[in-house]
$ cat coords36.cif   # mmCIF, C-alpha atoms and all ligand atoms
data_final
#
loop_
_atom_site.label_atom_id
_atom_site.label_comp_id
_atom_site.auth_asym_id
_atom_site.auth_seq_id
_atom_site.Cartn_x
_atom_site.Cartn_y
_atom_site.Cartn_z
CA MET I 29 23.38 11.07 -5.99
CA ILE I 30 21.32 8.46 -4.15
CA PRO I 31 17.75 8.49 -5.45
CA PHE I 32 14.77 7.85 -3.20
CA ASN I 33 13.58 4.98 -5.33
CA GLN I 34 14.88 3.10 -8.36
CA PRO I 35 12.89 0.92 -10.76
CA ILE I 36 13.69 -2.79 -10.75
CA LYS I 37 15.43 -4.28 -13.75
CA ASN I 38 16.31 -7.91 -14.30
CA GLU I 39 16.98 -9.97 -17.40
CA ASN I 40 13.74 -11.91 -17.32
CA ILE I 41 11.77 -8.67 -17.38
CA PHE I 42 12.96 -7.92 -20.91
CA ARG I 43 12.66 -11.56 -21.99
CA TYR I 44 9.06 -11.79 -20.75
CA ILE I 45 8.04 -8.52 -22.35
CA LYS I 46 9.39 -9.87 -25.66
CA THR I 47 7.50 -13.13 -25.15
CA GLY I 48 4.42 -11.07 -24.42
CA PHE I 49 4.74 -9.39 -27.79
CA GLY I 50 4.89 -12.82 -29.41
CA GLY I 51 1.91 -14.04 -27.39
CA LYS I 52 -1.79 -14.05 -27.95
CA PHE I 53 -2.79 -10.77 -26.31
CA LEU I 54 -1.25 -7.55 -25.11
CA ARG I 55 -4.56 -6.49 -23.60
CA GLY I 56 -5.76 -7.59 -20.17
CA GLU I 57 -6.43 -11.20 -19.19
CA GLY I 58 -3.46 -12.42 -21.21
CA THR I 59 -0.93 -15.07 -20.21
CA TYR I 60 1.07 -12.94 -17.80
CA CYS I 61 -1.97 -11.41 -16.10
CA ASN I 62 -3.08 -14.92 -15.38
CA GLU I 63 0.37 -16.06 -14.23
CA CYS I 64 0.60 -13.15 -11.80
CA SER I 65 -2.86 -13.82 -10.35
CA VAL I 66 -2.19 -17.51 -9.92
CA TRP I 67 1.19 -16.78 -8.32
CA MET I 68 -0.39 -14.44 -5.78
CA GLU I 69 -3.33 -16.74 -5.05
CA LYS I 70 -0.87 -19.54 -4.25
CA HIS I 71 1.71 -17.51 -2.42
CA PHE I 72 -0.70 -15.44 -0.32
CA HIS I 73 -3.43 -18.11 0.07
CA ALA I 74 -5.84 -15.64 -1.50
CA LYS I 75 -9.26 -16.71 -2.73
CA LYS I 76 -9.23 -14.59 -5.89
CA VAL I 77 -6.69 -12.08 -7.16
CA LEU I 78 -7.61 -9.80 -10.05
CA LEU I 79 -4.79 -7.78 -11.54
CA THR I 80 -5.77 -4.15 -12.17
CA SER I 81 -4.42 -0.96 -13.65
CA SER I 82 -3.73 0.59 -10.22
CA CYS I 83 -4.41 0.29 -6.51
CA SER I 84 -6.62 3.37 -6.87
CA HIS I 85 -8.72 1.36 -9.32
CA SER I 86 -8.74 -1.64 -6.99
CA LEU I 87 -10.10 0.60 -4.25
CA GLU I 88 -12.75 1.91 -6.66
CA MET I 89 -13.68 -1.67 -7.49
CA ALA I 90 -14.04 -2.33 -3.75
CA ALA I 91 -16.42 0.61 -3.31
CA LEU I 92 -18.53 -0.58 -6.28
CA LEU I 93 -18.49 -4.19 -5.13
CA LEU I 94 -19.53 -3.29 -1.58
CA ASP I 95 -22.35 -1.10 -2.90
CA VAL I 96 -21.30 2.11 -1.21
CA GLN I 97 -24.22 4.56 -1.48
CA PRO I 98 -24.39 8.36 -1.11
CA GLY I 99 -24.10 9.29 2.55
CA ASP I 100 -22.49 6.03 3.65
CA GLU I 101 -19.68 6.66 6.11
CA ILE I 102 -16.35 4.89 5.82
CA ILE I 103 -13.95 5.04 8.76
CA MET I 104 -10.31 5.47 7.76
CA PRO I 105 -7.09 7.16 8.83
CA SER I 106 -6.35 10.68 7.62
CA PHE I 107 -2.68 9.78 7.35
CA THR I 108 -2.88 8.06 3.94
CA PHE I 109 -2.80 8.66 0.21
CA CYS I 110 -5.88 10.31 -1.25
CA SER I 111 -6.90 7.20 -3.22
CA THR I 112 -8.08 5.51 0.01
CA ALA I 113 -10.72 8.25 0.36
CA ASN I 114 -11.37 9.02 -3.32
CA ALA I 115 -12.65 5.54 -4.07
CA PHE I 116 -15.54 5.98 -1.64
CA VAL I 117 -16.12 9.68 -2.30
CA LEU I 118 -16.64 8.81 -5.99
CA ARG I 119 -19.66 6.73 -4.87
CA GLY I 120 -20.97 9.54 -2.65
CA GLY I 121 -19.47 8.06 0.51
CA VAL I 122 -18.15 10.18 3.38
CA PRO I 123 -14.69 9.50 4.79
CA VAL I 124 -14.69 9.68 8.59
CA PHE I 125 -11.10 10.13 9.66
CA VAL I 126 -9.85 8.87 13.00
CA ASP I 127 -6.48 9.36 14.61
CA ILE I 128 -3.44 7.13 14.16
CA ARG I 129 -1.13 5.37 16.60
CA PRO I 130 2.23 7.12 16.76
CA ASP I 131 4.21 3.86 16.93
CA THR I 132 3.07 2.43 13.56
CA MET I 133 1.32 5.44 11.98
CA ASN I 134 -1.64 3.08 11.41
CA ILE I 135 -5.27 3.75 12.35
CA ASP I 136 -5.73 3.59 16.13
CA GLU I 137 -8.01 0.56 16.48
CA THR I 138 -9.16 1.71 19.93
CA LEU I 139 -10.77 4.84 18.42
CA ILE I 140 -12.78 3.13 15.68
CA GLU I 141 -15.79 2.08 17.70
CA SER I 142 -16.60 5.59 18.96
CA ALA I 143 -16.67 6.84 15.34
CA ILE I 144 -19.42 4.40 14.31
CA THR I 145 -22.85 5.93 13.58
CA ASN I 146 -25.99 4.47 12.01
CA ARG I 147 -24.60 5.63 8.62
CA THR I 148 -21.31 3.75 8.97
CA LYS I 149 -20.89 1.16 6.23
CA GLY I 150 -17.30 0.07 6.56
CA ILE I 151 -13.73 0.52 7.66
CA ALA I 152 -10.83 1.14 5.27
CA VAL I 153 -7.51 0.35 6.91
CA VAL I 154 -4.09 1.28 5.56
CA HIS I 155 -1.05 -0.83 6.42
CA TYR I 156 1.50 1.96 6.51
CA GLY I 157 4.97 0.97 5.35
CA GLY I 158 3.81 -2.64 5.06
CA VAL I 159 3.37 -2.92 8.84
CA ALA I 160 -0.05 -4.38 9.64
CA CYS I 161 -2.87 -2.64 11.47
CA GLU I 162 -4.24 -4.45 14.53
CA MET I 163 -6.50 -6.62 12.37
CA ASP I 164 -7.90 -8.99 15.02
CA THR I 165 -9.45 -6.08 16.90
CA ILE I 166 -10.60 -4.36 13.72
CA MET I 167 -12.24 -7.49 12.27
CA GLU I 168 -13.97 -8.14 15.57
CA ILE I 169 -15.42 -4.60 15.65
CA ALA I 170 -16.52 -4.94 12.01
CA ARG I 171 -18.25 -8.25 12.66
CA ARG I 172 -20.06 -6.92 15.70
CA HIS I 173 -21.38 -3.86 13.83
CA ASN I 174 -21.88 -5.59 10.46
CA LEU I 175 -19.36 -3.39 8.63
CA PHE I 176 -17.16 -4.26 5.69
CA VAL I 177 -13.38 -4.03 5.91
CA VAL I 178 -11.27 -2.94 2.95
CA GLU I 179 -7.52 -3.27 3.33
CA ASP I 180 -5.50 -0.65 1.48
CA ALA I 181 -2.47 -2.91 1.30
CA ALA I 182 -0.84 -0.80 -1.42
CA GLN I 183 2.38 -0.94 0.59
CA GLY I 184 1.84 -4.39 2.07
CA VAL I 185 2.67 -6.93 -0.64
CA MET I 186 4.61 -9.80 1.03
CA SER I 187 3.80 -8.57 4.57
CA GLU I 188 1.92 -10.63 7.12
CA TYR I 189 -0.25 -10.26 10.19
CA ARG I 190 -0.27 -13.32 12.47
CA GLY I 191 0.68 -15.57 9.58
CA LYS I 192 -1.85 -14.14 7.11
CA ALA I 193 -0.82 -12.14 4.04
CA LEU I 194 -1.94 -8.51 4.21
CA GLY I 195 -4.80 -7.98 1.80
CA THR I 196 -6.34 -11.39 2.55
CA ILE I 197 -7.85 -10.54 5.95
CA GLY I 198 -10.64 -8.03 5.21
CA ASP I 199 -13.49 -8.47 2.71
CA ILE I 200 -11.36 -6.96 -0.03
CA GLY I 201 -7.65 -6.18 -0.21
CA CYS I 202 -5.95 -3.77 -2.60
CA TYR I 203 -2.32 -3.95 -3.74
CA SER I 204 -0.31 -1.39 -5.65
CA PHE I 205 2.29 -2.18 -8.28
CA HIS I 206 3.09 1.46 -8.90
CA GLU I 207 6.74 2.08 -9.68
CA THR I 208 7.38 3.36 -6.13
CA LYS I 209 6.13 0.16 -4.48
CA ASN I 210 8.08 -3.03 -3.73
CA TYR I 211 6.94 -4.80 -6.93
CA SER I 212 6.13 -2.78 -9.97
CA MET I 213 4.17 -2.71 -13.22
CA GLY I 214 4.97 0.96 -13.75
CA GLU I 215 1.32 1.56 -13.00
CA GLY I 216 -0.72 -1.37 -11.71
CA GLY I 217 -2.45 -3.06 -8.83
CA ALA I 218 -4.51 -6.02 -7.71
CA THR I 219 -7.88 -6.59 -6.10
CA LEU I 220 -8.00 -9.47 -3.63
CA VAL I 221 -11.54 -10.72 -3.28
CA ASN I 222 -11.73 -12.61 -0.02
CA ARG I 223 -15.43 -13.50 -0.05
CA SER I 224 -16.49 -16.10 -2.63
CA GLU I 225 -19.88 -14.51 -3.22
CA LEU I 226 -18.19 -11.32 -4.48
CA VAL I 227 -15.88 -12.95 -7.02
CA GLU I 228 -18.19 -13.13 -10.02
CA ARG I 229 -19.31 -9.52 -9.70
CA ALA I 230 -15.70 -8.37 -9.19
CA GLU I 231 -14.80 -9.86 -12.58
CA ILE I 232 -17.79 -8.11 -14.16
CA ILE I 233 -16.93 -4.73 -12.62
CA ARG I 234 -13.34 -5.01 -13.87
CA GLU I 235 -14.59 -5.82 -17.39
CA LYS I 236 -16.68 -2.66 -17.97
CA GLY I 237 -19.73 -4.28 -16.42
CA THR I 238 -19.74 -7.16 -18.88
CA ASN I 239 -19.56 -10.91 -18.34
CA ARG I 240 -16.65 -11.20 -20.76
CA SER I 241 -14.54 -13.18 -18.25
CA GLN I 242 -17.19 -15.91 -18.19
CA PHE I 243 -17.34 -15.78 -21.99
CA LEU I 244 -13.55 -16.25 -22.26
CA ARG I 245 -13.83 -19.33 -20.03
CA GLY I 246 -16.62 -20.68 -22.22
CA GLN I 247 -19.25 -20.39 -19.47
CA VAL I 248 -21.59 -18.23 -21.58
CA ASP I 249 -21.81 -18.19 -25.39
CA LYS I 250 -21.89 -14.42 -25.80
CA TYR I 251 -21.10 -11.57 -23.53
CA SER I 252 -23.10 -8.47 -22.77
CA TRP I 253 -23.47 -5.50 -20.44
CA VAL I 254 -24.87 -6.86 -17.17
CA ASP I 255 -23.85 -4.38 -14.42
CA ILE I 256 -22.00 -1.12 -13.85
CA GLY I 257 -18.25 -1.26 -14.14
CA SER I 258 -15.22 0.22 -15.79
CA SER I 259 -11.99 -0.80 -17.48
CA TYR I 260 -9.73 -1.82 -14.65
CA LEU I 261 -7.64 -4.34 -16.60
CA PRO I 262 -3.91 -3.86 -17.02
CA SER I 263 -2.00 -4.55 -20.22
CA ASP I 264 -0.31 -7.93 -20.42
CA LEU I 265 3.02 -6.15 -21.07
CA ALA I 266 2.83 -4.55 -17.64
CA ALA I 267 1.95 -7.95 -16.19
CA ALA I 268 5.01 -9.50 -17.91
CA TYR I 269 7.17 -6.89 -16.19
CA LEU I 270 5.58 -7.77 -12.85
CA TYR I 271 5.81 -11.52 -13.28
CA ALA I 272 9.60 -11.41 -13.60
CA GLN I 273 9.71 -9.74 -10.17
CA LEU I 274 7.23 -12.10 -8.52
CA GLU I 275 9.51 -14.98 -9.54
CA ILE I 276 12.24 -13.42 -7.39
CA ALA I 277 9.89 -11.97 -4.77
CA ASP I 278 11.77 -13.49 -1.83
CA GLU I 279 15.09 -12.19 -3.09
CA ILE I 280 13.65 -8.68 -3.47
CA ASN I 281 12.06 -8.87 -0.03
CA ASP I 282 15.27 -10.12 1.64
CA ASP I 283 17.32 -7.43 -0.06
CA ARG I 284 15.01 -4.68 1.16
CA LEU I 285 14.90 -6.14 4.68
CA ARG I 286 18.71 -6.20 4.77
CA SER I 287 18.78 -2.46 4.03
CA TRP I 288 15.98 -1.80 6.55
CA ASN I 289 17.75 -3.73 9.31
CA LEU I 290 21.05 -2.01 8.58
CA TYR I 291 19.43 1.44 8.77
CA TYR I 292 17.84 0.41 12.06
CA GLU I 293 21.06 -0.88 13.55
CA LEU I 294 23.19 2.08 12.43
CA LEU I 295 20.70 4.73 13.55
CA ARG I 296 19.94 3.11 16.88
CA PRO I 297 22.44 5.28 18.85
CA LEU I 298 20.65 8.44 17.65
CA ALA I 299 17.32 6.99 18.76
CA GLU I 300 18.76 5.96 22.12
CA THR I 301 19.88 9.50 22.84
CA GLY I 302 16.40 10.73 21.92
CA ARG I 303 17.46 12.75 18.87
CA ILE I 304 15.26 10.77 16.47
CA GLU I 305 12.52 8.16 16.64
CA MET I 306 12.42 4.99 14.59
CA PRO I 307 9.58 2.79 13.31
CA SER I 308 8.28 -0.03 15.44
CA VAL I 309 6.94 -3.37 14.26
CA PRO I 310 4.41 -4.91 16.67
CA GLU I 311 4.58 -8.56 17.60
CA GLY I 312 2.91 -10.83 15.08
CA CYS I 313 3.68 -8.50 12.16
CA LYS I 314 6.10 -9.51 9.42
CA HIS I 315 6.88 -6.45 7.34
CA ASN I 316 8.27 -6.05 3.82
CA ALA I 317 10.62 -3.09 4.30
CA HIS I 318 8.47 -0.97 2.02
CA LEU I 319 9.98 2.14 3.53
CA PHE I 320 12.38 3.22 6.22
CA TYR I 321 11.45 6.36 8.09
CA ILE I 322 12.78 8.31 11.02
CA LYS I 323 11.07 11.07 12.95
CA ALA I 324 12.76 14.39 13.62
CA LYS I 325 11.84 16.66 16.56
CA ASP I 326 9.44 18.83 14.55
CA ILE I 327 8.72 20.19 11.08
CA GLU I 328 11.55 22.77 11.23
CA GLU I 329 14.14 20.15 12.05
CA ARG I 330 12.73 17.87 9.39
CA THR I 331 12.90 20.56 6.69
CA ALA I 332 16.52 21.27 7.64
CA LEU I 333 17.45 17.58 7.60
CA ILE I 334 15.87 17.00 4.18
CA ALA I 335 17.74 20.04 2.81
CA TYR I 336 21.02 18.88 4.38
CA LEU I 337 20.65 15.37 2.92
CA LYS I 338 19.94 16.86 -0.49
CA GLU I 339 23.19 18.86 -0.30
CA GLN I 340 24.95 15.55 0.31
CA GLY I 341 23.22 14.02 -2.71
CA VAL I 342 20.66 11.97 -0.76
CA ILE I 343 17.00 12.26 -1.70
CA ALA I 344 14.76 11.88 1.35
CA LEU I 345 11.04 12.63 1.31
CA PHE I 346 8.22 13.38 3.70
CA HIS I 347 4.52 12.50 3.54
CA TYR I 348 1.54 12.54 3.93
CA VAL I 349 -0.16 15.88 4.34
CA PRO I 350 -3.13 14.54 6.34
CA LEU I 351 -6.26 14.23 4.23
CA HIS I 352 -8.49 16.09 6.69
CA SER I 353 -6.41 19.24 6.25
CA SER I 354 -6.43 19.07 2.43
CA ILE I 355 -8.88 21.01 0.26
CA ALA I 356 -10.83 17.93 -0.85
CA GLY I 357 -10.61 16.24 2.54
CA ARG I 358 -12.28 19.21 4.20
CA LYS I 359 -14.96 19.24 1.55
CA TYR I 360 -15.80 15.54 1.45
CA GLY I 361 -14.85 14.14 4.84
CA ARG I 362 -14.71 14.89 8.53
CA PHE I 363 -12.40 14.10 11.39
CA HIS I 364 -13.93 12.27 14.33
CA GLY I 365 -12.44 12.95 17.74
CA GLU I 366 -9.15 14.62 18.46
CA ASP I 367 -6.18 14.92 16.12
CA GLY I 368 -3.63 13.93 18.72
CA PHE I 369 -1.02 12.35 16.46
CA THR I 370 -2.02 12.53 12.79
CA THR I 371 -0.76 16.06 12.10
CA ARG I 372 2.02 16.16 14.65
CA GLU I 373 3.61 12.85 13.68
CA SER I 374 3.20 13.36 9.93
CA GLU I 375 5.15 16.63 10.22
CA ARG I 376 8.09 14.83 11.81
CA LEU I 377 8.40 11.92 9.41
CA ILE I 378 11.20 11.52 6.84
CA ARG I 379 11.55 8.58 4.49
CA LEU I 380 15.11 7.60 3.58
CA PRO I 381 16.05 6.03 0.22
CA MET I 382 14.78 2.46 -0.05
CA PHE I 383 14.83 0.24 -3.11
CA TYR I 384 15.91 -3.19 -4.31
CA GLY I 385 19.64 -3.00 -4.93
CA LEU I 386 20.39 -0.23 -2.43
CA THR I 387 23.93 -1.09 -1.33
CA GLU I 388 25.40 -1.42 2.14
CA GLU I 389 27.82 1.44 1.31
CA GLN I 390 24.90 3.65 0.35
CA VAL I 391 23.03 2.91 3.58
CA ARG I 392 26.20 3.60 5.58
CA PHE I 393 26.76 6.87 3.75
CA ILE I 394 23.15 8.00 4.29
CA THR I 395 23.25 7.23 8.01
CA GLU I 396 26.61 9.04 8.33
CA CYS I 397 24.95 12.09 6.79
CA VAL I 398 22.11 11.85 9.34
CA PHE I 399 24.67 11.64 12.18
CA ALA I 400 26.60 14.60 10.76
CA PHE I 401 23.42 16.66 10.68
CA TYR I 402 22.68 15.94 14.34
CA GLN I 403 26.29 16.64 15.34
CA ASN I 404 26.04 20.11 13.81
CA ASN I 405 22.60 20.89 15.16
C1 LIG P 501 0.53 3.99 -3.55
C2 LIG P 501 -0.67 4.00 -2.73
C3 LIG P 501 -1.96 4.03 -3.31
C4 LIG P 501 -2.19 4.23 -4.77
O1 LIG P 501 -1.64 3.23 -5.56
P1 LIG P 501 -1.70 3.38 -7.16
O2 LIG P 501 -1.33 2.02 -7.63
O3 LIG P 501 -0.68 4.42 -7.53
O4 LIG P 501 -3.06 3.77 -7.54
C5 LIG P 501 -3.05 3.96 -2.48
N1 LIG P 501 -2.91 3.87 -1.15
C6 LIG P 501 -1.71 3.86 -0.55
C7 LIG P 501 -1.62 3.73 0.93
C8 LIG P 501 -0.55 3.93 -1.32
O5 LIG P 501 0.64 3.92 -0.74
#
$ encode --input "coords36.cif" --output "structure tokens" --more "lines below"
Ligand SMILES: *Cc1c(COP(=O)(O)O)cnc(C)c1O
Amino acid sequence: MIPFNQPIKNENIFRYIKTGFGGKFLRGEGTYCNECSVWMEKHFHAKKVLLTSSCSHSLEMAALLLDVQPGDEIIMPSFTFCSTANAFVLRGGVPVFVDIRPDTMNIDETLIESAITNRTKGIAVVHYGGVACEMDTIMEIARRHNLFVVEDAAQGVMSEYRGKALGTIGDIGCYSFHETKNYSMGEGGATLVNRSELVERAEIIREKGTNRSQFLRGQVDKYSWVDIGSSYLPSDLAAAYLYAQLEIADEINDDRLRSWNLYYELLRPLAETGRIEMPSVPEGCKHNAHLFYIKAKDIEERTALIAYLKEQGVIALFHYVPLHSSIAGRKYGRFHGEDGFTTRESERLIRLPMFYGLTEEQVRFITECVFAFYQNN
């Protein structure tokens, strides 16, 4: 059986968790939380990185920090995980979904401007599969209309757009360290605060609306409730688990890219004969092999392929059911313009197994299964 995803284990993980137990805190803002933040700030040239309990929470922090008010409209793709929308809906915001580009499955930057109204407050982009959205165009539109940009870079840790780390380009970036992502805390995330004037308040929001972070640094002599906020801090044990992976981040990234490139090379003949479509990575984008997907002809063929792979012991998955067709999406958001690609392309997409440690033999076996399916169909 080849699973879709497999959690990362390495020796240092267990050593660091033990050290954590011997350390000063297990709660948030301990040694490993700090080590992880500093590592990311250095490695990604990020102004401020705050480790959190999930990317969903990082997105909620972004909505609080950017003062989203009831009725504010946030432009985003419908092809994403519900957390992208939830964060703003929780503040009374209205997701305005626009169509995606079929080549990257990212928001179509050329459709954003026509979705702007006098209620539009910001744009939430999603870097699908760790492949960047067209950020130059998006940032230029945002600047011209005075809108904020939040990057849902849940899948984009270690990816770049024109030399910049994903998550560091918009006003706020959000990473996920959920078990299914490239680097994991089990459950966890990070908020990247890219504007200096937002940093202090971001710390307060993460600390239940208190200035405890300043207190811990000795900047105030007692701490108190100063703003709204919640508990978005992760445990230091989870951070210890993450830190051991950040130390070998390049090795993990290279390993995933090797699998991604091998899938691409082996499946190319099927793409060339038009049986399947493969992902494309635009110029200027350095991706992190978060996932490898192919597109079948339609939903029927996809369902049959997933079932066939399962019979061969290979777990392949689809996603997403577009938000605008979900129960909550219909209730809280609206689709602007035409759904040319969101539904159609999402129904064709299949993600193949992808994890650190996936072997060459496994990738070869999986692609042979895909070939066998198309030979018989
Ligand atoms: C995984 C994911 C999230 C949610 O991340 P959590 O850390 O599980 O909260 C949000 N957005 C996207 C695009 C994701 O892939």
$ closest_atom_pairs --input "coords36.cif" --of "chain I" --to "ligand LIG 501 (chain P)" --cutoff "9 Å" --atoms "only C-alpha atoms and all ligand atoms" --output "JSON lines"
{"residue": "I:Thr80", "atom": "CA", "partner": "P:LIG501", "partner_atom": "O2", "distance": 8.9}
{"residue": "I:Ser81", "atom": "CA", "partner": "P:LIG501", "partner_atom": "O2", "distance": 7.4}
{"residue": "I:Ser82", "atom": "CA", "partner": "P:LIG501", "partner_atom": "O2", "distance": 3.8}
{"residue": "I:Cys83", "atom": "CA", "partner": "P:LIG501", "partner_atom": "O2", "distance": 3.7}
{"residue": "I:Ser84", "atom": "CA", "partner": "P:LIG501", "partner_atom": "O4", "distance": 3.6}
{"residue": "I:His85", "atom": "CA", "partner": "P:LIG501", "partner_atom": "O4", "distance": 6.4}
{"residue": "I:Ser86", "atom": "CA", "partner": "P:LIG501", "partner_atom": "O4", "distance": 7.9}
{"residue": "I:Leu87", "atom": "CA", "partner": "P:LIG501", "partner_atom": "C5", "distance": 8.0}
{"residue": "I:Phe107", "atom": "CA", "partner": "P:LIG501", "partner_atom": "C7", "distance": 8.9}
{"residue": "I:Thr108", "atom": "CA", "partner": "P:LIG501", "partner_atom": "C7", "distance": 5.4}
{"residue": "I:Phe109", "atom": "CA", "partner": "P:LIG501", "partner_atom": "C6", "distance": 5.0}
{"residue": "I:Cys110", "atom": "CA", "partner": "P:LIG501", "partner_atom": "C5", "distance": 7.1}
{"residue": "I:Ser111", "atom": "CA", "partner": "P:LIG501", "partner_atom": "C5", "distance": 5.1}
{"residue": "I:Thr112", "atom": "CA", "partner": "P:LIG501", "partner_atom": "N1", "distance": 5.5}
{"residue": "I:Val154", "atom": "CA", "partner": "P:LIG501", "partner_atom": "C7", "distance": 5.8}
{"residue": "I:His155", "atom": "CA", "partner": "P:LIG501", "partner_atom": "C7", "distance": 7.2}
{"residue": "I:Tyr156", "atom": "CA", "partner": "P:LIG501", "partner_atom": "C7", "distance": 6.6}
{"residue": "I:Gly157", "atom": "CA", "partner": "P:LIG501", "partner_atom": "O5", "distance": 8.0}
{"residue": "I:Asp180", "atom": "CA", "partner": "P:LIG501", "partner_atom": "N1", "distance": 5.8}
{"residue": "I:Ala181", "atom": "CA", "partner": "P:LIG501", "partner_atom": "C7", "distance": 6.7}
{"residue": "I:Ala182", "atom": "CA", "partner": "P:LIG501", "partner_atom": "C8", "distance": 4.7}
{"residue": "I:Gln183", "atom": "CA", "partner": "P:LIG501", "partner_atom": "O5", "distance": 5.3}
{"residue": "I:Gly184", "atom": "CA", "partner": "P:LIG501", "partner_atom": "O5", "distance": 8.9}
{"residue": "I:Cys202", "atom": "CA", "partner": "P:LIG501", "partner_atom": "C5", "distance": 8.3}
{"residue": "I:Tyr203", "atom": "CA", "partner": "P:LIG501", "partner_atom": "O2", "distance": 7.2}
{"residue": "I:Ser204", "atom": "CA", "partner": "P:LIG501", "partner_atom": "O2", "distance": 4.1}
{"residue": "I:Phe205", "atom": "CA", "partner": "P:LIG501", "partner_atom": "O2", "distance": 5.6}
{"residue": "I:His206", "atom": "CA", "partner": "P:LIG501", "partner_atom": "O2", "distance": 4.6}
{"residue": "I:Glu207", "atom": "CA", "partner": "P:LIG501", "partner_atom": "O3", "distance": 8.1}
{"residue": "I:Thr208", "atom": "CA", "partner": "P:LIG501", "partner_atom": "C1", "distance": 7.3}
{"residue": "I:Lys209", "atom": "CA", "partner": "P:LIG501", "partner_atom": "C1", "distance": 6.8}
{"residue": "I:Gly214", "atom": "CA", "partner": "P:LIG501", "partner_atom": "O2", "distance": 8.8}
{"residue": "I:Glu215", "atom": "CA", "partner": "P:LIG501", "partner_atom": "O2", "distance": 6.0}
{"residue": "I:Gly216", "atom": "CA", "partner": "P:LIG501", "partner_atom": "O2", "distance": 5.3}
{"residue": "I:Gly217", "atom": "CA", "partner": "P:LIG501", "partner_atom": "O2", "distance": 5.3}
{"residue": "I:Ala218", "atom": "CA", "partner": "P:LIG501", "partner_atom": "O2", "distance": 8.6}
$ residues_around --input "coords36.cif" --residues "region 349-356 of chain I" --least-positions-apart "5" --cutoff "12 Å" --atoms "all atoms listed in the file" --output "ChimeraX atom specification"
/I:104-114,117-118,122-128,133,327,361-364,366-367,369-377
$ closest_atom_pairs --input "coords36.cif" --of "region 194-216 of chain I" --to "region 90-93 of chain I" --cutoff "10 Å" --atoms "only C-alpha atoms" --output "tab-separated table"
residue	atom	partner	partner_atom	distance
I:Asp199	CA	I:Ala90	CA	8.9
I:Ile200	CA	I:Ala90	CA	6.5
I:Gly201	CA	I:Ala90	CA	8.3
I:Cys202	CA	I:Ala90	CA	8.3
$ atom_distance --input "coords36.cif" --atom1 "CA of His315 (chain I)" --atom2 "CA of Thr132 (chain I)"
11.5 Å
$ residues_around --input "coords36.cif" --residues "region 305-307 of chain I" --least-positions-apart "6" --cutoff "7 Å" --atoms "all atoms listed in the file" --output "list of chain:residue names"
I:Asp131, I:Thr132, I:Ala299, I:Tyr321, I:Ile322, I:Lys323, I:Ala324
$ atom_distance --input "coords36.cif" --atom1 "CA of Glu137 (chain I)" --atom2 "CA of Tyr360 (chain I)"
22.6 Å
$ residues_around --input "coords36.cif" --residues "Pro98 (chain I)" --least-positions-apart "2" --cutoff "6 Å" --atoms "all atoms listed in the file" --output "NGL selection string"
:I and (100 or 120-121)
$ closest_residue --input "coords36.cif" --among "I:Cys313, I:Leu79, I:Ala272, I:Val254" --to "Arg229 (chain I)" --atoms "all atoms listed in the file"
I:Val254
$ atom_distance --input "coords36.cif" --atom1 "CA of Val66 (chain I)" --atom2 "CA of Leu270 (chain I)"
12.8 Å
$ residues_around --input "coords36.cif" --residues "Ser263 (chain I)" --least-positions-apart "6" --cutoff "9 Å" --atoms "all atoms listed in the file" --output "list in words"
Phe53, Leu54, Arg55, Gly56, Glu57, Gly58, Cys61, Thr80 and Ser81 of chain I
$ residues_near_point --input "coords36.cif" --point "(22.6, 6.4, -6.7)" --cutoff "12 Å" --atoms "all atoms listed in the file" --output "CSV table (one decimal) with C-alpha atoms, in the coordinates of the input"
chain,number,residue,atom,x,y,z
I,29,MET,CA,23.4,11.1,-6.0
I,30,ILE,CA,21.3,8.5,-4.2
I,31,PRO,CA,17.8,8.5,-5.4
I,32,PHE,CA,14.8,7.8,-3.2
I,33,ASN,CA,13.6,5.0,-5.3
I,34,GLN,CA,14.9,3.1,-8.4
I,35,PRO,CA,12.9,0.9,-10.8
I,340,GLN,CA,25.0,15.6,0.3
I,341,GLY,CA,23.2,14.0,-2.7
I,342,VAL,CA,20.7,12.0,-0.8
I,343,ILE,CA,17.0,12.3,-1.7
I,381,PRO,CA,16.0,6.0,0.2
I,382,MET,CA,14.8,2.5,0.0
I,383,PHE,CA,14.8,0.2,-3.1
I,384,TYR,CA,15.9,-3.2,-4.3
I,385,GLY,CA,19.6,-3.0,-4.9
I,386,LEU,CA,20.4,-0.2,-2.4
I,387,THR,CA,23.9,-1.1,-1.3
I,389,GLU,CA,27.8,1.4,1.3
I,390,GLN,CA,24.9,3.6,0.4
I,391,VAL,CA,23.0,2.9,3.6
I,393,PHE,CA,26.8,6.9,3.8
I,394,ILE,CA,23.2,8.0,4.3
$ closest_residue --input "coords36.cif" --among "I:Leu333, I:Ile135, I:Leu175, I:Leu226" --to "Gln403 (chain I)" --atoms "all atoms listed in the file"
I:Leu333
$ closest_residue --input "coords36.cif" --among "I:Val96, I:Ala74, I:Ala268, I:Ala193" --to "Tyr60 (chain I)" --atoms "all atoms listed in the file"
I:Ala268
